[in-house]
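A.B. asks: Structure file upload-v5.txt, compact mmCIF, N, CA and C atoms, is pasted below:
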```txt
# COMPACT_ATOMS: atom_id res chain seq x y z
N MET A 1 0.86 -1.16 0.00
CA MET A 1 0.00 0.00 0.00
C MET A 1 0.90 1.22 0.00
N ALA A 2 0.74 2.01 -0.99
CA ALA A 2 1.57 3.21 -1.11
C ALA A 2 1.01 4.32 -0.23
N VAL A 3 1.92 4.99 0.44
CA VAL A 3 1.54 6.15 1.24
C VAL A 3 2.38 7.33 0.76
N THR A 4 1.84 8.52 0.94
CA THR A 4 2.59 9.71 0.57
C THR A 4 3.72 9.92 1.57
N ASP A 5 4.63 10.80 1.23
CA ASP A 5 5.72 11.12 2.15
C ASP A 5 5.19 11.67 3.47
N ASP A 6 4.17 12.53 3.39
CA ASP A 6 3.57 13.08 4.62
C ASP A 6 2.93 11.98 5.46
N GLU A 7 2.23 11.06 4.80
CA GLU A 7 1.60 9.96 5.53
C GLU A 7 2.66 9.05 6.14
N ALA A 8 3.74 8.82 5.43
CA ALA A 8 4.82 7.98 5.95
C ALA A 8 5.44 8.62 7.19
N GLN A 9 5.59 9.93 7.17
CA GLN A 9 6.14 10.62 8.34
C GLN A 9 5.19 10.50 9.53
N VAL A 10 3.91 10.69 9.30
CA VAL A 10 2.92 10.56 10.38
C VAL A 10 2.91 9.13 10.90
N LEU A 11 2.97 8.16 9.99
CA LEU A 11 2.98 6.76 10.40
C LEU A 11 4.23 6.43 11.22
N ASP A 12 5.37 6.94 10.81
CA ASP A 12 6.61 6.73 11.58
C ASP A 12 6.49 7.31 12.99
N GLN A 13 5.97 8.53 13.07
CA GLN A 13 5.80 9.17 14.37
C GLN A 13 4.81 8.40 15.24
N TRP A 14 3.71 7.96 14.64
CA TRP A 14 2.71 7.20 15.38
C TRP A 14 3.29 5.87 15.87
N THR A 15 4.02 5.19 14.99
CA THR A 15 4.61 3.91 15.35
C THR A 15 5.58 4.08 16.51
N HIS A 16 6.37 5.12 16.47
CA HIS A 16 7.33 5.39 17.55
C HIS A 16 6.59 5.68 18.86
N ARG A 17 5.58 6.53 18.81
CA ARG A 17 4.80 6.86 20.02
C ARG A 17 4.11 5.63 20.59
N LEU A 18 3.53 4.82 19.72
CA LEU A 18 2.83 3.63 20.18
C LEU A 18 3.81 2.61 20.75
N ALA A 19 4.94 2.43 20.10
CA ALA A 19 5.96 1.50 20.61
C ALA A 19 6.45 1.93 21.98
N GLN A 20 6.62 3.24 22.19
CA GLN A 20 7.02 3.74 23.51
C GLN A 20 5.94 3.44 24.54
N ALA A 21 4.69 3.72 24.19
CA ALA A 21 3.59 3.49 25.12
C ALA A 21 3.43 2.02 25.47
N LEU A 22 3.72 1.15 24.50
CA LEU A 22 3.60 -0.29 24.73
C LEU A 22 4.89 -0.90 25.28
N GLN A 23 5.90 -0.07 25.44
CA GLN A 23 7.20 -0.47 25.98
C GLN A 23 7.87 -1.54 25.14
N VAL A 24 7.83 -1.35 23.84
CA VAL A 24 8.54 -2.22 22.90
C VAL A 24 9.48 -1.34 22.07
N LEU A 25 10.38 -0.67 22.77
CA LEU A 25 11.21 0.37 22.18
C LEU A 25 12.18 -0.14 21.12
N ASP A 26 12.65 -1.36 21.24
CA ASP A 26 13.64 -1.86 20.29
C ASP A 26 13.01 -2.61 19.12
N LEU A 27 11.72 -2.51 18.97
CA LEU A 27 11.02 -3.21 17.89
C LEU A 27 11.18 -2.47 16.58
N ASP A 28 11.63 -3.16 15.56
CA ASP A 28 11.67 -2.62 14.20
C ASP A 28 10.39 -3.04 13.49
N VAL A 29 9.56 -2.08 13.16
CA VAL A 29 8.28 -2.37 12.52
C VAL A 29 8.46 -2.26 11.01
N ASP A 30 8.18 -3.34 10.32
CA ASP A 30 8.22 -3.34 8.86
C ASP A 30 6.87 -2.82 8.37
N GLN A 31 6.78 -1.50 8.29
CA GLN A 31 5.51 -0.87 7.94
C GLN A 31 5.05 -1.26 6.54
N GLU A 32 5.98 -1.34 5.59
CA GLU A 32 5.60 -1.72 4.23
C GLU A 32 4.99 -3.12 4.18
N LEU A 33 5.59 -4.05 4.91
CA LEU A 33 5.06 -5.41 4.96
C LEU A 33 3.64 -5.41 5.52
N LEU A 34 3.45 -4.71 6.63
CA LEU A 34 2.12 -4.68 7.25
C LEU A 34 1.09 -3.98 6.38
N LEU A 35 1.50 -2.89 5.72
CA LEU A 35 0.58 -2.20 4.82
C LEU A 35 0.22 -3.08 3.62
N ASP A 36 1.21 -3.78 3.08
CA ASP A 36 0.93 -4.69 1.97
C ASP A 36 0.00 -5.83 2.40
N LEU A 37 0.25 -6.36 3.58
CA LEU A 37 -0.60 -7.43 4.10
C LEU A 37 -2.02 -6.94 4.34
N ALA A 38 -2.16 -5.74 4.88
CA ALA A 38 -3.49 -5.17 5.10
C ALA A 38 -4.21 -4.97 3.77
N ARG A 39 -3.51 -4.43 2.77
CA ARG A 39 -4.10 -4.21 1.46
C ARG A 39 -4.53 -5.53 0.82
N LYS A 40 -3.65 -6.51 0.89
CA LYS A 40 -3.93 -7.81 0.27
C LYS A 40 -5.13 -8.49 0.93
N SER A 41 -5.19 -8.48 2.26
CA SER A 41 -6.30 -9.15 2.94
C SER A 41 -7.60 -8.39 2.74
N ALA A 42 -7.54 -7.06 2.70
CA ALA A 42 -8.76 -6.28 2.45
C ALA A 42 -9.29 -6.53 1.05
N GLY A 43 -8.38 -6.67 0.09
CA GLY A 43 -8.80 -6.88 -1.29
C GLY A 43 -9.24 -8.29 -1.61
N SER A 44 -8.69 -9.27 -0.91
CA SER A 44 -9.01 -10.66 -1.26
C SER A 44 -10.04 -11.29 -0.33
N VAL A 45 -10.29 -10.68 0.81
CA VAL A 45 -11.29 -11.21 1.74
C VAL A 45 -12.40 -10.19 1.85
N ILE A 46 -12.33 -9.30 2.82
CA ILE A 46 -13.20 -8.13 2.94
C ILE A 46 -12.37 -7.04 3.60
N HIS A 47 -12.82 -5.81 3.49
CA HIS A 47 -12.06 -4.67 4.02
C HIS A 47 -11.73 -4.86 5.51
N ALA A 48 -12.68 -5.35 6.27
CA ALA A 48 -12.48 -5.52 7.71
C ALA A 48 -11.42 -6.58 8.04
N ALA A 49 -11.00 -7.36 7.06
CA ALA A 49 -9.97 -8.37 7.31
C ALA A 49 -8.60 -7.73 7.54
N ALA A 50 -8.39 -6.51 7.08
CA ALA A 50 -7.07 -5.87 7.17
C ALA A 50 -6.57 -5.75 8.61
N PRO A 51 -7.30 -5.10 9.51
CA PRO A 51 -6.77 -4.98 10.87
C PRO A 51 -6.72 -6.32 11.61
N VAL A 52 -7.68 -7.18 11.33
CA VAL A 52 -7.69 -8.49 11.99
C VAL A 52 -6.49 -9.32 11.54
N THR A 53 -6.19 -9.29 10.26
CA THR A 53 -5.07 -10.04 9.72
C THR A 53 -3.75 -9.55 10.30
N THR A 54 -3.54 -8.24 10.30
CA THR A 54 -2.28 -7.72 10.82
C THR A 54 -2.15 -7.98 12.31
N PHE A 55 -3.25 -7.91 13.05
CA PHE A 55 -3.20 -8.24 14.48
C PHE A 55 -2.80 -9.69 14.68
N LEU A 56 -3.46 -10.60 13.97
CA LEU A 56 -3.17 -12.03 14.14
C LEU A 56 -1.74 -12.36 13.74
N VAL A 57 -1.24 -11.74 12.69
CA VAL A 57 0.15 -11.96 12.29
C VAL A 57 1.08 -11.50 13.41
N GLY A 58 0.83 -10.33 13.97
CA GLY A 58 1.66 -9.84 15.06
C GLY A 58 1.58 -10.72 16.29
N TYR A 59 0.40 -11.18 16.60
CA TYR A 59 0.22 -12.04 17.76
C TYR A 59 0.95 -13.37 17.58
N ALA A 60 0.74 -13.97 16.41
CA ALA A 60 1.41 -15.25 16.13
C ALA A 60 2.92 -15.07 16.13
N ALA A 61 3.40 -13.97 15.58
CA ALA A 61 4.84 -13.71 15.57
C ALA A 61 5.37 -13.54 16.98
N GLY A 62 4.62 -12.87 17.83
CA GLY A 62 5.03 -12.70 19.22
C GLY A 62 5.13 -14.03 19.94
N LEU A 63 4.18 -14.90 19.71
CA LEU A 63 4.23 -16.22 20.32
C LEU A 63 5.41 -17.03 19.80
N GLU A 64 5.65 -16.93 18.51
CA GLU A 64 6.75 -17.67 17.88
C GLU A 64 8.11 -17.18 18.37
N ALA A 65 8.26 -15.88 18.50
CA ALA A 65 9.56 -15.30 18.84
C ALA A 65 9.86 -15.37 20.33
N GLY A 66 8.86 -15.53 21.14
CA GLY A 66 9.07 -15.51 22.58
C GLY A 66 8.73 -14.15 23.14
N THR A 67 8.59 -14.07 24.43
CA THR A 67 8.19 -12.82 25.04
C THR A 67 9.30 -12.28 25.93
N GLY A 68 9.20 -10.99 26.21
CA GLY A 68 10.15 -10.35 27.11
C GLY A 68 11.57 -10.49 26.62
N SER A 69 12.48 -10.78 27.51
CA SER A 69 13.89 -10.87 27.14
C SER A 69 14.21 -12.16 26.41
N ALA A 70 13.25 -13.10 26.36
CA ALA A 70 13.51 -14.36 25.67
C ALA A 70 13.59 -14.17 24.17
N GLY A 71 12.88 -13.17 23.64
CA GLY A 71 12.88 -12.95 22.21
C GLY A 71 13.97 -11.99 21.79
N SER A 72 14.55 -12.23 20.65
CA SER A 72 15.57 -11.33 20.12
C SER A 72 15.00 -10.61 18.90
N LYS A 73 15.70 -9.57 18.47
CA LYS A 73 15.28 -8.84 17.27
C LYS A 73 15.23 -9.75 16.07
N ASP A 74 16.25 -10.58 15.92
CA ASP A 74 16.30 -11.49 14.77
C ASP A 74 15.16 -12.49 14.80
N SER A 75 14.87 -13.04 15.98
CA SER A 75 13.79 -14.01 16.06
C SER A 75 12.44 -13.33 15.84
N SER A 76 12.30 -12.10 16.27
CA SER A 76 11.06 -11.35 16.04
C SER A 76 10.85 -11.09 14.56
N THR A 77 11.91 -10.66 13.89
CA THR A 77 11.83 -10.39 12.46
C THR A 77 11.47 -11.65 11.69
N ALA A 78 12.12 -12.74 12.02
CA ALA A 78 11.84 -14.02 11.35
C ALA A 78 10.41 -14.49 11.62
N ALA A 79 9.94 -14.29 12.84
CA ALA A 79 8.60 -14.73 13.19
C ALA A 79 7.54 -13.91 12.46
N VAL A 80 7.76 -12.60 12.34
CA VAL A 80 6.81 -11.76 11.59
C VAL A 80 6.80 -12.19 10.13
N SER A 81 7.96 -12.42 9.56
CA SER A 81 8.05 -12.85 8.17
C SER A 81 7.32 -14.17 7.95
N LYS A 82 7.52 -15.10 8.85
CA LYS A 82 6.88 -16.42 8.75
C LYS A 82 5.36 -16.29 8.83
N ALA A 83 4.88 -15.53 9.81
CA ALA A 83 3.44 -15.37 9.97
C ALA A 83 2.84 -14.61 8.79
N ALA A 84 3.54 -13.60 8.31
CA ALA A 84 3.04 -12.83 7.16
C ALA A 84 2.98 -13.71 5.91
N ASP A 85 3.97 -14.57 5.72
CA ASP A 85 3.95 -15.49 4.57
C ASP A 85 2.71 -16.38 4.59
N VAL A 86 2.36 -16.87 5.77
CA VAL A 86 1.16 -17.70 5.90
C VAL A 86 -0.08 -16.89 5.53
N ALA A 87 -0.16 -15.66 6.06
CA ALA A 87 -1.32 -14.82 5.78
C ALA A 87 -1.41 -14.47 4.30
N PHE A 88 -0.27 -14.11 3.68
CA PHE A 88 -0.27 -13.82 2.24
C PHE A 88 -0.74 -15.02 1.44
N GLN A 89 -0.31 -16.21 1.83
CA GLN A 89 -0.72 -17.42 1.13
C GLN A 89 -2.23 -17.60 1.22
N LEU A 90 -2.78 -17.41 2.40
CA LEU A 90 -4.23 -17.55 2.56
C LEU A 90 -4.97 -16.47 1.78
N CYS A 91 -4.44 -15.26 1.76
CA CYS A 91 -5.07 -14.19 0.98
C CYS A 91 -5.13 -14.55 -0.49
N GLY A 92 -4.10 -15.21 -0.96
CA GLY A 92 -4.08 -15.64 -2.35
C GLY A 92 -5.18 -16.63 -2.68
N ASP A 93 -5.66 -17.32 -1.67
CA ASP A 93 -6.73 -18.29 -1.86
C ASP A 93 -8.11 -17.65 -1.79
N GLY A 94 -8.20 -16.37 -1.41
CA GLY A 94 -9.49 -15.69 -1.31
C GLY A 94 -10.22 -16.04 -0.04
N HIS A 95 -11.38 -15.47 0.13
CA HIS A 95 -12.10 -15.64 1.39
C HIS A 95 -12.70 -17.02 1.57
N ASP A 96 -12.95 -17.75 0.51
CA ASP A 96 -13.55 -19.08 0.65
C ASP A 96 -12.57 -20.22 0.44
N GLY A 97 -11.38 -19.92 -0.04
CA GLY A 97 -10.44 -20.98 -0.36
C GLY A 97 -9.34 -21.09 0.66
N GLY A 98 -8.43 -21.97 0.36
CA GLY A 98 -7.25 -22.08 1.20
C GLY A 98 -7.36 -23.13 2.28
N PRO A 99 -6.23 -23.45 2.82
CA PRO A 99 -6.15 -24.51 3.83
C PRO A 99 -6.52 -24.00 5.22
N ALA A 100 -7.79 -23.63 5.41
CA ALA A 100 -8.21 -23.07 6.70
C ALA A 100 -7.97 -24.03 7.85
N ALA A 101 -8.09 -25.30 7.60
CA ALA A 101 -7.90 -26.27 8.67
C ALA A 101 -6.43 -26.52 8.97
N GLN A 102 -5.56 -26.09 8.05
CA GLN A 102 -4.13 -26.29 8.24
C GLN A 102 -3.60 -25.20 9.15
N GLY A 103 -3.05 -25.59 10.28
CA GLY A 103 -2.54 -24.62 11.24
C GLY A 103 -1.24 -24.00 10.78
N TRP A 104 -0.88 -22.88 11.38
CA TRP A 104 0.32 -22.16 10.98
C TRP A 104 1.55 -22.95 11.33
N ALA A 105 1.49 -23.76 12.37
CA ALA A 105 2.64 -24.58 12.74
C ALA A 105 2.83 -25.73 11.75
N ASP A 106 1.76 -26.07 11.00
CA ASP A 106 1.82 -27.17 10.05
C ASP A 106 2.33 -26.76 8.68
N THR A 107 2.59 -25.45 8.48
CA THR A 107 2.94 -25.00 7.13
C THR A 107 4.35 -25.37 6.74
N GLY A 108 5.20 -25.66 7.72
CA GLY A 108 6.56 -26.04 7.41
C GLY A 108 7.42 -24.88 6.95
N GLN A 109 6.93 -23.66 7.14
CA GLN A 109 7.68 -22.49 6.68
C GLN A 109 8.60 -21.99 7.73
```
Let's see the structure in the file written out as structure tokens.

C.D. replies:
Amino acid sequence: MAVTDDEAQVLDQWTHRLAQALQVLDLDVDQELLLDLARKSAGSVIHAAAPVTTFLVGYAAGLEAGTGSAGSKDSSTAAVSKAADVAFQLCGDGHDGGPAAQGWADTGQ
């Protein structure tokens, strides 16, 4: 999802403020990945799928990477990428298709 330079600046500022408030200061947010995932899920499922998809990807990545000091930046990045890949794959199948019964741990990715 393309954003203007002004929107990108606002998004960067918002992301920084929210990360501070949530006390995840060292988190690198791949905004382009999340925006692309939101766009893809909104277009292939329904518009309301965008925030739900990005939330679930973040949640699954958090579980995969570990919490608190157990998780590292590298493991967080890898976990987000893995979860996003699963979501992109399901988006490609549309709202009625895809391996819904296949769990994310079963994807082998």

A.B. asks: Within 10 Å of Val3 of chain A, counting only C-alpha atoms, which residues show up once you throw out same-chain ones fewer than 6 positions away? Write them as a count of residues only, please.

C.D. replies: 4

A.B. asks: Would you work out the distance separating atom CA of Ala38 of chain A from atom CA of Leu25 of chain A, expressed in Å to one decimal?

C.D. replies: 23.2 Å

A.B. asks: Padding 8 Å on each side, edges along x, y and z: where is the centre of the box around the listed atoms of segment 42-51 of chain A, and how long are its edges in Å to one decimal? Output it as JSON.

C.D. replies:
```
{"center_x": -9.9, "center_y": -8.0, "center_z": 5.0, "size_x": 22.6, "size_y": 22.6, "size_z": 29.2}
```

A.B. asks: With distances taken over all atoms listed in the file, which residue among A:Val45, A:Ala61, A:Leu18, A:Ala78 lies nearest Leu90 of chain A?

C.D. replies: A:Val45

A.B. asks: Nearest to Ser41 of chain A: which of A:Ala84, A:Val29, A:Ala65, A:Cys91 is it, counting all atoms listed in the file?

C.D. replies: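 Residue with the minimum atom-to-atom distance to Ser41 of chain A: A:Cys91.
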
A.B. asks: Quick one: pull the distance between atom C of Ala50 of chain A and atom C of Asp74 of chain A, Å, one decimal.

C.D. replies: 23.6 Å
